[in-house]
Amino acid sequence: MKREFGCILLFLLLLFTACDGERSREMSALLDRADSLNRAYVPMTGGLDSLLRDAADYYDRHGSANEQMRAHYLLGCAYRDMGEAPAALQSYQDAVDRADTTSTDCDIKRLMSVYGQMATLFNMQNLPTDEIETINMRGKLALKMKDTMQYIRNTEMLARSYYLLDDTTKAIETLQKAKDLYTRYGYTQEAVSTNALLISFCINRGQLSEAGKIMHEFETKSGLFDENGNIARGREIYYSFKGNYYIAQHQLDSAEHYMRILLKYEPFRGNAYRGLMHIYRYKENVDSTNYYSSLFEKEIDKRNNSVRTEAVHRLSSLYKYQRFQRITAEETLALTQTRAQRNSYAFLLIIVLLLFLWGIWMYRDVRNQRKKELSELHESHEQLTKARSELVLLQQHEQDYRSLIAEKKEEIALLESKLNTRKSSETLLKGSDIYEHFHSLANTGRTPSNEDWETLLSLMQDLMPGFYEFMATHKHEMNTAEYYICLLTRIYVTPKAIGTMLGTSAPYISKVRREMTKRFFKEGEKPSDFDKQICEII
């Protein structure tokens, strides 16, 4: 029965493990797919965010710190691709909160990516203070990984944030620090490429000679220009710097040349219109000045409208995010209640199953005990029947076998008395309060008191004088534990319960029963032989 019980428990455990294993593989495949899309710069839209929310919830309950960070990072990337900046920032912050930087296996590289994405979003949201804090955290991780290049690039990124804060001095100091670090570690071109922003600062301060030197170094050593003198894509703002330099030098034709090049690039047309307006103002060309002034104003209005639109979009995104948080909280609460209810049902089912198995085991134990008692009674009946048959046979030869008849009558009377005595003694014993009390103690594992032992012995003296005499005769041959084991065995307490009541182990009880079998009965070698012999004594 115990084996069957263990098999059922093992089956339930394997069933739960299999279900969780399938869910784990499903979530891992989802994160791998999202990771691939993110690395390939493919927007994660089309409802992928809801799947990634489920993955984040799953790993929050079952995953390691690295798995939790990865899930929330990819969820943030999905929100980023959807244009939901507040939700993206919250997911990135959740990823940071779940990273265990004290662990030796912490995924520092991914954590740096999280901070990088946060810095970009803070820049887009025009939040330079938050951007600086995030960039500094990313720089500390770069130092921890001993990634020199990432640390220097981090330093260079800080200049952009200080520029947005209108802290020109700090921006210049940071750029100079980045340039010195690039130079120290042999990154010559990267060091020169930091000069672009310094050129603008020098022009604005009227340091034209210094600006000219930096421009020459930038154009000849940065590696950003092709053979025709065109700068690399994405850095076209340099034409504005160079045009402003020539305006300050009053070389208006050269300035106009670079401003017209800048007109080709839509993001910088406002800078080009403003430059051309200043050029024609210096040339005293009123019509052209008014023309480019009008274009510049329109560009400013367009940019302001764009800023307002972006602000409205950010406000809308924030509203949707707050609404999403509220809905998510409600869904999470409902899901938690459903899970709790489902777990309660499962727990109740398991309890019922265990009680059912325990009931079967108890039923079999009681049935075996009854079977044993019936077998003993049947054996006594067989002996009685045999003796009666022999008596009938002897009565047919009464004259010759009077003495034998008398002996058989006496044997029959003795067996009848023994059978009746055994029946009545066993019945009275099992129906007694002290018998019920001792079995109650056995079921709860409590130890009997001295008064309990004395009451039991007194009952044995009345109901089973033969057993009482056996105990008195051999008391000096037994220690206290052996004495109690005999008593408890006689009232059918199981060996396991005896061990619990006497504060010892079941193997020790088995050993004692085996030794007393050899000592007192001279036959049998198993502990069960001792039980049989003891329970035969009335």
# chains A, B, ... in the order shown; residues from 1 in each chain; ligands from 1
>>> select_by_dssp(residues="range 219-252 of chain A", states="helix (DSSP H, G or I)", output="JSON, numbers by chain")
{"A": [219, 220, 221, 237, 238, 239, 240, 241, 242, 243, 244, 245, 246, 247, 248, 252]}
>>> write_last_selection(atoms="N, CA and C atoms", output="short mmCIF file (atom, residue, chain, number, x, y, z; two decimals), in the first residue's frame")
data_model
loop_
_atom_site.label_atom_id
_atom_site.label_comp_id
_atom_site.auth_asym_id
_atom_site.auth_seq_id
_atom_site.Cartn_x
_atom_site.Cartn_y
_atom_site.Cartn_z
N GLU A 219 38.89 67.61 -40.33
CA GLU A 219 38.70 67.22 -41.72
C GLU A 219 39.81 66.31 -42.24
N THR A 220 40.99 66.40 -41.65
CA THR A 220 42.13 65.62 -42.17
C THR A 220 42.39 64.31 -41.41
N LYS A 221 41.93 64.23 -40.15
CA LYS A 221 42.32 63.08 -39.34
C LYS A 221 41.13 62.24 -38.78
N ILE A 237 25.39 68.20 -39.81
CA ILE A 237 25.35 69.45 -39.05
C ILE A 237 26.68 70.18 -39.10
N TYR A 238 27.74 69.44 -39.45
CA TYR A 238 29.07 70.07 -39.55
C TYR A 238 29.09 71.19 -40.59
N TYR A 239 28.27 71.03 -41.67
CA TYR A 239 28.22 72.09 -42.70
C TYR A 239 27.71 73.40 -42.09
N SER A 240 26.81 73.30 -41.11
CA SER A 240 26.33 74.51 -40.41
C SER A 240 27.47 75.16 -39.63
N PHE A 241 28.28 74.33 -38.92
CA PHE A 241 29.41 74.86 -38.17
C PHE A 241 30.39 75.59 -39.10
N LYS A 242 30.66 74.93 -40.25
CA LYS A 242 31.65 75.52 -41.16
C LYS A 242 31.10 76.78 -41.82
N GLY A 243 29.80 76.77 -42.16
CA GLY A 243 29.20 77.97 -42.72
C GLY A 243 29.25 79.13 -41.73
N ASN A 244 28.92 78.87 -40.47
CA ASN A 244 28.97 79.92 -39.44
C ASN A 244 30.40 80.43 -39.23
N TYR A 245 31.37 79.52 -39.38
CA TYR A 245 32.78 79.94 -39.26
C TYR A 245 33.13 80.96 -40.36
N TYR A 246 32.70 80.67 -41.60
CA TYR A 246 33.01 81.59 -42.69
C TYR A 246 32.22 82.90 -42.56
N ILE A 247 31.00 82.82 -41.99
CA ILE A 247 30.25 84.06 -41.75
C ILE A 247 31.00 84.93 -40.75
N ALA A 248 31.51 84.31 -39.70
CA ALA A 248 32.29 85.07 -38.71
C ALA A 248 33.57 85.64 -39.32
N LEU A 252 31.74 85.42 -47.19
CA LEU A 252 30.32 85.13 -47.37
C LEU A 252 30.05 84.14 -48.49
#
>>> atom_distance(atom1="CA of Leu384 in chain A", atom2="CA of Thr489 in chain A")
27.5 Å
>>> residues_around(residues="Gly466 in chain A", least_positions_apart="5", cutoff="10 Å", atoms="only C-alpha atoms", output="PyMOL selection string")
chain A and resi 460-461+471-472+536-538
>>> write_last_selection(atoms="C-alpha atoms", output="compact mmCIF listing (two decimals), in the first residue's frame")
# COMPACT_ATOMS: atom_id res chain seq x y z
CA MET A 460 -4.48 -7.36 33.07
CA GLN A 461 -4.44 -8.92 36.56
CA MET A 471 5.05 -10.33 33.44
CA ALA A 472 5.61 -10.67 37.19
CA GLU A 536 -1.53 -16.12 23.16
CA ILE A 537 -1.00 -15.63 26.93
CA ILE A 538 -4.27 -15.13 28.80
>>> residues_around(residues="Val114 in chain A", least_positions_apart="5", cutoff="8 Å", atoms="only C-alpha atoms", output="list in words")
Tyr73, Tyr92, Ala95 and Val96 of chain A
